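Structure first, commentary second.
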Amino acid sequence: MSEQLLELLEAHGVAAKEAAERLGGNCALYLRVLRRFTEDRSCALLCEAAVCADAHKGLLYSHTLKGIAANLGFSRLSELTQAQCGLFRSGDTQEAFALTGDIEAECSRLTALLEEVNGQS
Amino acid sequence: MVRVKNASWLSYVFVLLLYVVLSTVCSVTLRETLEANALDLGQSLSVNYAYEMESNNRVYETLLYYAAGSIDSKKLSGWSDDEIIAWALDFFHQTNLSFGTDRLEAYMIYGGTYISENGVVSDGVDYTARPWWHDGGQVGFSGVYSDISSGERTITLSLGCQEADAVVAFDILIEGIDFSSGLENLPEGTSFFLADQYGQLILFESASPAAFTGNELQDYTDHMLEVISHDGNSITGIDGVERTLNCSLMANGWTAIVTMPYPVIFQDLNRLFIIFTSAFAIALALVVIYLYKQHRSQKEMRTAQDAIKVISDLYYAVYAVDWEKGEYIMIKGSDELRSRLARKGPYSRFLDVLEGLLEKEGFEEFRHAFSLDSIRDHVHSGTKSYGGDFRRLFTDQWRTINVMMIYDEDGPTSQAILCFRDVEDERRNEAAKRELLNQALQHAKDSARARQAFFSAMSHDMRTPLNAIIGLTTLAQGSSDGARTADYLGKISSSARQLLELVDDILEVGKTEHESFILEKRETDIVDTVEAALSPFRTMAESDHKELTSEYNVEDRLVLADSFRLTQILNNIVSNALKFTENGVGRISVRLDQHKNGTPVSQYVFRIEDNGLGMSSDFLEHIFEPYARETRFASQQIAGTGLGMPIVKNLVTQMSGEISVESRLSEGSVFTIRIPLEKAGSSAQAMTESGDNGEVSLDGCRLLVAEDNMINMEIMTEMLGQYNTEIVQAWNGQEALEAFVGHEAGYFDAILLDMQMPVMDGLEAARAIRASGTSDCLLVPIVAVTANAFAQDLARCREAGMDEHVSKPIDFRHLASTLSRLIGRRRQGRT
């Protein structure tokens, strides 16, 4: 079952096998923390920071998402947040917040995917 | 700050340099003036002495002219020689009387005869050959010579008569020469020299005692005259001291010389120089002390400013409120209010602006709680701080803020500080934590209820076999029928086994729930373990005419596993399968598959299938809950505690595995267990056991982990937990700091800090931990864990006192290796 889920995730652009391998091949742990992602509020908080144009919080939540994405094998989200953090750090706040829409869309896609995975596990 | 400090240094250095330059200029000018004055004084003295000497000489000359003229006049008038000699003797007597014979002796050579007051001497001496002889019409001055008869140093003034054969002369005794202007009041060491027209020293006088021989003084006089001939005005004295040199040439060719020692002239200047130097040294010392104190003061001020900044950063707005004047001062304002509110103004205006930002109900509370009267009353009642939470509109978003009034007794007497802090995230986190606590509380309550229900059931279940044992024992004791007694004993044995099984399960549940439960991973042949577990059941299955089969699809049989616990899992499931399958038709199959994923850790999937009674879907939902029992089973009169499945679930979870069940009533059940097991002899195993350097492992280490995200925290806790570590969680840097200082030194073996966290980030936390002053604050290894991998981030980590940096995604082998190395190094340092 776990193998099938990993394959499903891989098919949707998630580096699931590599991420599970980093967790010592502990698929149960990996699937458990994946479920946590659907409850995580970092993306919502990033969107709120974008609305308030609060660059400090924007960087904080983008950075948190970046860490989560890296650990969970969310390649696309990792790329987006890395780019956004880079823009925040270089002081290009406007450009950084412009990426929030893409990040939110990717988070939504992943959430939907993980809910599907949860349904199967 | 640095610029100000440099400016301060420069201004002091400039002032000191100016002081030195001015002092030098003054000293040089003063020295030149003193030297010029000394030369002027010396010149005046020499002129004065020369004048006085010339005056004396003029008196002598006048008397000589008078005597010679009188003799000539008397000769022309026809006076006899005896009359003239008599007149001369009287004149000499008067003259000697006037000047004193110790100073002057008057006499004349008249017709070759020496005539003085003492009488007439006709000794036939040729006086014209004497060195003093001068018979010209002008007074002649002899050089210094020693008188033949007295041996005294003498100078002779002589004048020849025109009509008479006579030369009138005065012997001036040098010992008798005296000046009205003495040297007593002149600078110490001032010397006067008088030389004749031949350079012979006539007279030497000094303002201080001096003992030199005549030859020394004559040589020195020659040297002075040599220097004077070259217009020199300074000379090295006979005593070796530098001196001024002034002279005055008299009409008779004599030279009056005055010398003064420079050290005496510059005595006052030297004193002044010492005073200036002392003043400079004192000023320099004062400046150095002042600058040192200022440096210390600035350092303390910087520390205080840093602390204030850290505190100030917690607040997005800070206002000072003066309740007597009814005014506010904006110390730090939010972006929105800076454009709408003046920096200073009436407090009512501040409230008006705030009214548009706070929720209506909240604003009324704010107006009441933070009115000028309320602030004053709180302060007067000794309250130093009070405040509360309010909802505030930020642009188009409502957020929770905390407003705190602070009063400082050392500050202005009628002024309090209002601090505004955005606590939205903090409150949300608190709410989330409260929710978690509530859930935990609810879980605990449910668990307690289930436990209570369990104990009620257990007391019934335990009483049943116990009653049977007691009753049957009584029966067996009273029975004389051997066959019946054997039947009783058999039933007693069965009931006792049932009771033992019940007690074992209860103990097992307690053990697996206990936090000290530790899996003992050893190299194990997984297939042999399963076969060994199935072995006793094969006999039972055979006796009950049931089919028990096993099948293996395993490549790596040698794994690191707790074989005892694996056997326990299989025992529970397979024994249930045997229990709930019917004799003659029951089939139980056990299958084990290895799912490799390219790492040393593979998924081992156990599938235990039976065609027994199966379970209802209602019970399936609760099958793994501890203390929950399927009432249906009770009615089946099948022995069992209902604890087997919770035990299995706990064991599988402890092994980081999963268990799932599919079952249908009357059709049977399928248990699937997935457990990650590591191939024996892999690198990860080596790391877990010994660490990088082969000396230290993470076994039993206590780690403080600060991470604000639940997902990352869970991963961290789970993965590091696999290395048999104890994890203490902190959700931001502040909590990590409090946890560190709140425990005794050495409590934590290492600290992991996420760099970016709310409230206090990892860098700040690392600095605070290093500066906390505990005995191990500088020793405890701190590892930064972050998604930042820029070189500047690594540098900032080092600068903040962190030992290492681990990037996300986290390579846990690398992290474990790093921690093992750092902890090992620390322990070695400690021992």
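Residues are referred to by chain and number: the chain letter is A, B, ... according to the order shown in the structure tokens, the number counts from 1 in that chain, and ligands are numbered separately from 1 in the order shown.
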Quiz prompt | range 124-242 of chain B: residues DSSP assigns to strand (DSSP E or B), reported as an MDAnalysis selection string | solution = chainID B and resid 140:141 145:146 153:160 166:173 191:195 201:206 234:236 242
Taking only C-alpha atoms into account, produce a table as a Markdown table in which each residue of chain B with an atom at most 8 Å from an atom of chain A appears once, together with its shortest atom pair and the distance in Å to one decimal, ordered by chain and rising number.
| residue | atom | partner | partner_atom | distance |
| --- | --- | --- | --- | --- |
| B:Phe394 | CA | A:Cys52 | CA | 7.3 |
| B:Thr395 | CA | A:Cys52 | CA | 6.6 |
| B:Asp396 | CA | A:Cys52 | CA | 7.7 |
| B:Gln397 | CA | A:Cys52 | CA | 7.5 |
| B:Asn597 | CA | A:Gly25 | CA | 7.7 |
| B:Thr599 | CA | A:Glu21 | CA | 6.8 |
| B:Val601 | CA | A:Gly25 | CA | 5.6 |
| B:Ser602 | CA | A:Gly25 | CA | 6.7 |
| B:Gln603 | CA | A:Gly25 | CA | 7.6 |
| B:Ser656 | CA | A:Ala28 | CA | 6.8 |
| B:Gly657 | CA | A:Ala28 | CA | 6.2 |
| B:Glu658 | CA | A:Ala28 | CA | 6.4 |
| B:Pro676 | CA | A:Asn26 | CA | 6.0 |
| B:Asn709 | CA | A:Thr64 | CA | 7.1 |
| B:Met710 | CA | A:Asp40 | CA | 7.8 |
| B:Ile711 | CA | A:Val33 | CA | 5.9 |
| B:Asn712 | CA | A:Ile68 | CA | 6.3 |
| B:Glu714 | CA | A:Val33 | CA | 7.2 |
| B:Ile715 | CA | A:Val33 | CA | 7.1 |
| B:Glu718 | CA | A:Leu29 | CA | 7.7 |
| B:Met719 | CA | A:Leu23 | CA | 6.6 |
| B:Gln756 | CA | A:Leu60 | CA | 6.3 |
| B:Met757 | CA | A:Leu60 | CA | 7.1 |
| B:Pro758 | CA | A:Leu60 | CA | 7.7 |
| B:Thr786 | CA | A:Gly67 | CA | 6.9 |
| B:Ala787 | CA | A:Gly67 | CA | 5.1 |
| B:Lys808 | CA | A:Gly67 | CA | 5.7 |
| B:Pro809 | CA | A:Asn71 | CA | 4.4 |
| B:Ile810 | CA | A:Asn71 | CA | 6.5 |
| B:Asp811 | CA | A:Arg22 | CA | 6.0 |
| B:Phe812 | CA | A:Arg22 | CA | 6.8 |
File dump, residues just selected, C-alpha atoms, as a PDB file, in the first residue's frame:
ATOM      1  CA  PHE B 394      -4.440  46.413  10.393  1.00  0.00           C
ATOM      2  CA  THR B 395      -5.200  47.671   6.865  1.00  0.00           C
ATOM      3  CA  ASP B 396      -8.024  45.193   6.145  1.00  0.00           C
ATOM      4  CA  GLN B 397      -7.243  42.507   8.664  1.00  0.00           C
ATOM      5  CA  ASN B 597      13.544   0.889  -1.798  1.00  0.00           C
ATOM      6  CA  THR B 599      18.196   1.976   1.067  1.00  0.00           C
ATOM      7  CA  VAL B 601      15.966   0.010   5.388  1.00  0.00           C
ATOM      8  CA  SER B 602      13.273  -2.111   3.738  1.00  0.00           C
ATOM      9  CA  GLN B 603       9.599  -2.490   4.451  1.00  0.00           C
ATOM     10  CA  SER B 656       7.690   2.688  13.453  1.00  0.00           C
ATOM     11  CA  GLY B 657       5.353   0.335  11.645  1.00  0.00           C
ATOM     12  CA  GLU B 658       1.718   0.224  10.638  1.00  0.00           C
ATOM     13  CA  PRO B 676      10.712  -0.888   8.422  1.00  0.00           C
ATOM     14  CA  ASN B 709       6.517  24.177  12.726  1.00  0.00           C
ATOM     15  CA  MET B 710       4.647  21.121  13.872  1.00  0.00           C
ATOM     16  CA  ILE B 711       5.567  19.047  10.817  1.00  0.00           C
ATOM     17  CA  ASN B 712       9.254  19.704  11.108  1.00  0.00           C
ATOM     18  CA  GLU B 714       7.382  15.797  14.401  1.00  0.00           C
ATOM     19  CA  ILE B 715       9.932  14.665  11.860  1.00  0.00           C
ATOM     20  CA  GLU B 718      10.603  10.897  15.398  1.00  0.00           C
ATOM     21  CA  MET B 719      13.879  10.594  13.546  1.00  0.00           C
ATOM     22  CA  GLN B 756      13.797  31.595  11.752  1.00  0.00           C
ATOM     23  CA  MET B 757      11.169  31.376  14.449  1.00  0.00           C
ATOM     24  CA  PRO B 758       8.637  33.819  15.849  1.00  0.00           C
ATOM     25  CA  THR B 786      17.471  25.841   8.668  1.00  0.00           C
ATOM     26  CA  ALA B 787      16.437  26.025   5.071  1.00  0.00           C
ATOM     27  CA  LYS B 808      16.833  21.354   5.259  1.00  0.00           C
ATOM     28  CA  PRO B 809      15.947  18.889   3.918  1.00  0.00           C
ATOM     29  CA  ILE B 810      17.597  17.272   6.847  1.00  0.00           C
ATOM     30  CA  ASP B 811      19.930  14.379   6.221  1.00  0.00           C
ATOM     31  CA  PHE B 812      19.432  12.667   9.569  1.00  0.00           C
TER      32      PHE B 812
END
Quiz item: Which residue gives the smallest distance to Arg89 in chain A among A:Ile103, A:Ala55, A:Val117, A:Leu110, with only C-alpha atoms counted?
Solution: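 Counting only C-alpha atoms, the residue closest to Arg89 in chain A is A:Ala55.
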Quiz item: Which of these residues is nearest to Arg76 in chain A, using only C-alpha atoms: A:Cys47, A:Ala98, A:Ala105, A:Leu6?
Solution: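 Once distances to Arg76 in chain A are computed over only C-alpha atoms, the minimum belongs to A:Ala105.
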Practice problem: Would you mind telling me which residue in B:Phe99, B:Tyr488, B:Phe193, B:Phe141 lies nearest to Thr473 in chain B when using only C-alpha atoms? | Solution: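 Under the stated criterion, the closest residue is B:Tyr488.
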Polymer residues at most 12 Å from Ser150 in chain B, only C-alpha atoms, same-chain spacing of 2 or more positions, as a short mmCIF file (atom, residue, chain, number, x, y, z; two decimals) with all heavy atoms, in the first residue's frame:
data_model
loop_
_atom_site.label_atom_id
_atom_site.label_comp_id
_atom_site.auth_asym_id
_atom_site.auth_seq_id
_atom_site.Cartn_x
_atom_site.Cartn_y
_atom_site.Cartn_z
N ASP B 102 95.62 102.21 52.29
CA ASP B 102 95.36 100.83 51.82
C ASP B 102 94.79 100.83 50.42
O ASP B 102 94.60 99.78 49.82
CB ASP B 102 94.38 100.14 52.78
CG ASP B 102 93.08 100.90 52.92
OD1 ASP B 102 93.09 102.13 52.64
OD2 ASP B 102 92.05 100.28 53.30
N GLU B 105 98.69 105.26 47.23
CA GLU B 105 99.90 105.91 47.79
C GLU B 105 100.38 106.95 46.77
O GLU B 105 100.67 106.63 45.64
CB GLU B 105 100.99 104.88 48.05
CG GLU B 105 102.21 105.51 48.71
CD GLU B 105 103.32 104.50 48.98
OE1 GLU B 105 103.09 103.28 48.74
OE2 GLU B 105 104.42 104.92 49.38
N TYR B 145 101.20 95.20 38.05
CA TYR B 145 102.52 94.66 38.40
C TYR B 145 102.58 94.50 39.91
O TYR B 145 101.76 95.04 40.64
CB TYR B 145 103.63 95.59 37.91
CG TYR B 145 103.65 96.93 38.61
CD1 TYR B 145 104.51 97.15 39.72
CD2 TYR B 145 102.84 97.97 38.20
CE1 TYR B 145 104.52 98.38 40.38
CE2 TYR B 145 102.84 99.18 38.85
CZ TYR B 145 103.70 99.40 39.94
OH TYR B 145 103.68 100.60 40.60
N SER B 146 103.57 93.75 40.35
CA SER B 146 103.76 93.53 41.79
C SER B 146 104.77 94.55 42.28
O SER B 146 105.88 94.68 41.72
CB SER B 146 104.28 92.12 42.05
OG SER B 146 103.28 91.20 41.71
N ASP B 147 104.38 95.26 43.32
CA ASP B 147 105.25 96.31 43.85
C ASP B 147 106.51 95.65 44.44
O ASP B 147 106.42 94.62 45.10
CB ASP B 147 104.49 97.08 44.94
CG ASP B 147 105.30 98.23 45.46
OD1 ASP B 147 105.43 99.22 44.73
OD2 ASP B 147 105.82 98.10 46.60
N ILE B 148 107.67 96.29 44.16
CA ILE B 148 108.94 95.68 44.58
C ILE B 148 109.03 95.57 46.09
O ILE B 148 109.40 94.53 46.63
CB ILE B 148 110.11 96.51 44.04
CG1 ILE B 148 110.19 96.35 42.53
CG2 ILE B 148 111.43 96.08 44.68
CD1 ILE B 148 111.25 97.23 41.87
N GLU B 152 102.61 93.85 46.65
CA GLU B 152 101.17 93.87 46.34
C GLU B 152 100.95 94.22 44.88
O GLU B 152 101.73 94.91 44.26
CB GLU B 152 100.48 94.92 47.22
CG GLU B 152 100.45 94.52 48.68
CD GLU B 152 99.57 95.47 49.47
OE1 GLU B 152 98.40 95.66 49.08
OE2 GLU B 152 100.04 96.00 50.47
N ARG B 153 99.80 93.67 44.35
CA ARG B 153 99.47 93.95 42.96
C ARG B 153 99.02 95.40 42.87
O ARG B 153 98.14 95.84 43.62
CB ARG B 153 98.37 93.02 42.46
CG ARG B 153 98.83 91.56 42.49
CD ARG B 153 97.71 90.62 42.14
NE ARG B 153 97.40 90.70 40.73
CZ ARG B 153 96.22 91.06 40.24
NH1 ARG B 153 95.24 91.36 41.07
NH2 ARG B 153 96.00 91.13 38.94
N THR B 154 99.63 96.10 41.95
CA THR B 154 99.49 97.56 41.92
C THR B 154 99.35 98.04 40.48
O THR B 154 99.86 97.41 39.55
CB THR B 154 100.74 98.22 42.54
OG1 THR B 154 100.96 97.64 43.82
CG2 THR B 154 100.57 99.72 42.66
N ASP B 171 100.12 105.21 43.30
CA ASP B 171 100.05 103.75 43.23
C ASP B 171 98.65 103.32 43.72
O ASP B 171 98.30 103.58 44.88
CB ASP B 171 101.15 103.12 44.12
CG ASP B 171 102.50 103.13 43.45
OD1 ASP B 171 102.56 103.50 42.26
OD2 ASP B 171 103.48 102.74 44.11
N LEU B 173 96.39 100.47 44.87
CA LEU B 173 96.47 99.07 45.32
C LEU B 173 95.18 98.33 44.88
O LEU B 173 94.06 98.73 45.22
CB LEU B 173 96.61 99.02 46.84
CG LEU B 173 97.83 99.76 47.38
CD1 LEU B 173 97.89 99.66 48.90
CD2 LEU B 173 99.11 99.20 46.78
#
Exercise. May I have the residues within 10 Å of Arg587 in chain B as a PyMOL selection string, using only C-alpha atoms and disregarding those fewer than 4 positions away in the same chain?
Key: chain B and resi 541+545-549+577-578+581-583+609-612+668
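Residues in contact range of range 243-253 of chain B, defined as at most 7 Å between only C-alpha atoms, with sequence neighbours fewer than 3 positions away removed, read B:Leu39, B:Gly42, B:Gln43, B:Ser46, B:Val47, B:Ala50, B:Asp196, B:Gln197, B:Asn233, B:Ser234, B:Ile235, B:Thr236, B:Gly237, B:Ala256, B:Ile257, B:Val258, B:Thr259, B:Met260, B:Pro261, B:Tyr262.
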Go ahead and write the selection's residues with all heavy atoms as a short mmCIF file (atom, residue, chain, number, x, y, z; two decimals), in the first residue's frame.
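Result file follows (result-v1.cif):
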data_model
loop_
_atom_site.label_atom_id
_atom_site.label_comp_id
_atom_site.auth_asym_id
_atom_site.auth_seq_id
_atom_site.Cartn_x
_atom_site.Cartn_y
_atom_site.Cartn_z
N LEU B 39 71.27 89.39 28.84
CA LEU B 39 72.35 90.05 28.11
C LEU B 39 72.31 91.56 28.33
O LEU B 39 73.35 92.21 28.52
CB LEU B 39 72.25 89.71 26.62
CG LEU B 39 72.65 88.26 26.26
CD1 LEU B 39 72.31 87.96 24.81
CD2 LEU B 39 74.15 88.05 26.50
N GLY B 42 73.55 92.20 31.77
CA GLY B 42 75.01 92.04 31.81
C GLY B 42 75.71 93.24 31.19
O GLY B 42 76.71 93.75 31.73
N GLN B 43 75.13 93.72 30.07
CA GLN B 43 75.73 94.86 29.39
C GLN B 43 75.67 96.09 30.28
O GLN B 43 76.65 96.85 30.41
CB GLN B 43 75.00 95.11 28.06
CG GLN B 43 75.69 96.11 27.14
CD GLN B 43 77.08 95.65 26.73
OE1 GLN B 43 77.32 94.45 26.53
NE2 GLN B 43 78.03 96.58 26.69
N SER B 46 78.20 95.78 33.03
CA SER B 46 79.59 96.05 32.60
C SER B 46 79.81 97.54 32.35
O SER B 46 80.84 98.09 32.73
CB SER B 46 79.89 95.22 31.34
OG SER B 46 79.14 95.70 30.25
N VAL B 47 78.82 98.18 31.74
CA VAL B 47 78.93 99.63 31.51
C VAL B 47 79.00 100.37 32.84
O VAL B 47 79.79 101.29 33.03
CB VAL B 47 77.74 100.12 30.65
CG1 VAL B 47 77.69 101.65 30.63
CG2 VAL B 47 77.85 99.59 29.24
N ALA B 50 82.32 99.84 34.47
CA ALA B 50 83.33 100.61 33.73
C ALA B 50 83.22 102.10 34.06
O ALA B 50 84.23 102.79 34.27
CB ALA B 50 83.14 100.38 32.23
N ASP B 196 93.28 94.97 32.36
CA ASP B 196 93.96 96.21 31.95
C ASP B 196 94.12 96.24 30.45
O ASP B 196 93.67 95.35 29.74
CB ASP B 196 95.29 96.35 32.70
CG ASP B 196 96.29 95.26 32.32
OD1 ASP B 196 96.03 94.55 31.31
OD2 ASP B 196 97.27 95.07 33.05
N GLN B 197 94.81 97.30 30.00
CA GLN B 197 94.92 97.49 28.55
C GLN B 197 95.79 96.41 27.91
O GLN B 197 95.80 96.26 26.69
CB GLN B 197 95.49 98.88 28.24
CG GLN B 197 96.89 99.13 28.74
CD GLN B 197 96.90 99.68 30.16
OE1 GLN B 197 96.06 99.29 30.99
NE2 GLN B 197 97.85 100.57 30.45
N ASN B 233 78.91 86.48 22.60
CA ASN B 233 78.18 86.95 23.78
C ASN B 233 77.82 85.79 24.72
O ASN B 233 76.94 85.92 25.56
CB ASN B 233 76.92 87.71 23.40
CG ASN B 233 75.97 86.86 22.58
OD1 ASN B 233 76.26 85.69 22.34
ND2 ASN B 233 74.86 87.44 22.16
N SER B 234 78.48 84.65 24.56
CA SER B 234 78.29 83.56 25.52
C SER B 234 79.58 82.76 25.60
O SER B 234 80.38 82.75 24.66
CB SER B 234 77.14 82.65 25.09
OG SER B 234 77.47 81.96 23.92
N ILE B 235 79.74 82.10 26.73
CA ILE B 235 81.00 81.40 26.94
C ILE B 235 80.77 80.31 27.98
O ILE B 235 79.86 80.42 28.82
CB ILE B 235 82.07 82.40 27.43
CG1 ILE B 235 83.46 81.75 27.36
CG2 ILE B 235 81.76 82.91 28.83
CD1 ILE B 235 84.57 82.78 27.52
N THR B 236 81.59 79.28 27.88
CA THR B 236 81.56 78.25 28.93
C THR B 236 82.43 78.74 30.08
O THR B 236 83.60 79.05 29.88
CB THR B 236 82.08 76.92 28.40
OG1 THR B 236 81.33 76.54 27.27
CG2 THR B 236 81.98 75.83 29.46
N GLY B 237 81.82 78.83 31.25
CA GLY B 237 82.53 79.41 32.39
C GLY B 237 83.65 78.51 32.87
O GLY B 237 83.76 77.35 32.47
N ALA B 256 85.85 96.06 31.19
CA ALA B 256 84.98 95.56 32.27
C ALA B 256 84.10 94.42 31.69
O ALA B 256 83.43 94.62 30.69
CB ALA B 256 84.11 96.67 32.81
N ILE B 257 84.17 93.26 32.31
CA ILE B 257 83.45 92.08 31.78
C ILE B 257 82.48 91.54 32.85
O ILE B 257 82.87 91.43 34.02
CB ILE B 257 84.41 90.95 31.39
CG1 ILE B 257 85.43 91.46 30.36
CG2 ILE B 257 83.65 89.74 30.84
CD1 ILE B 257 86.57 90.50 30.09
N VAL B 258 81.25 91.23 32.41
CA VAL B 258 80.25 90.63 33.32
C VAL B 258 79.75 89.32 32.69
O VAL B 258 79.40 89.30 31.51
CB VAL B 258 79.07 91.58 33.57
CG1 VAL B 258 77.98 90.88 34.36
CG2 VAL B 258 79.52 92.82 34.30
N THR B 259 79.75 88.25 33.47
CA THR B 259 79.17 86.97 33.00
C THR B 259 78.09 86.51 33.98
O THR B 259 78.20 86.73 35.19
CB THR B 259 80.24 85.86 32.89
OG1 THR B 259 80.69 85.53 34.19
CG2 THR B 259 81.38 86.28 32.00
N MET B 260 77.04 85.90 33.40
CA MET B 260 75.95 85.35 34.24
C MET B 260 75.62 83.92 33.78
O MET B 260 75.53 83.67 32.57
CB MET B 260 74.69 86.21 34.12
CG MET B 260 74.79 87.49 34.93
SD MET B 260 73.23 88.34 35.00
CE MET B 260 73.14 89.05 33.41
N PRO B 261 75.46 82.98 34.71
CA PRO B 261 75.19 81.59 34.30
C PRO B 261 73.76 81.43 33.74
O PRO B 261 72.81 81.93 34.33
CB PRO B 261 75.35 80.78 35.61
CG PRO B 261 75.15 81.79 36.69
CD PRO B 261 75.56 83.12 36.16
N TYR B 262 73.67 80.73 32.61
CA TYR B 262 72.34 80.49 32.00
C TYR B 262 71.38 79.72 32.92
O TYR B 262 70.20 80.03 33.00
CB TYR B 262 72.50 79.72 30.68
CG TYR B 262 72.81 80.63 29.50
CD1 TYR B 262 74.02 80.56 28.84
CD2 TYR B 262 71.86 81.55 29.04
CE1 TYR B 262 74.31 81.39 27.77
CE2 TYR B 262 72.15 82.37 27.96
CZ TYR B 262 73.37 82.29 27.32
OH TYR B 262 73.65 83.11 26.27
#
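Computed from the coordinates, the CA of Asp222 in chain B to CA of Val144 in chain B distance equals 14.8 Å.
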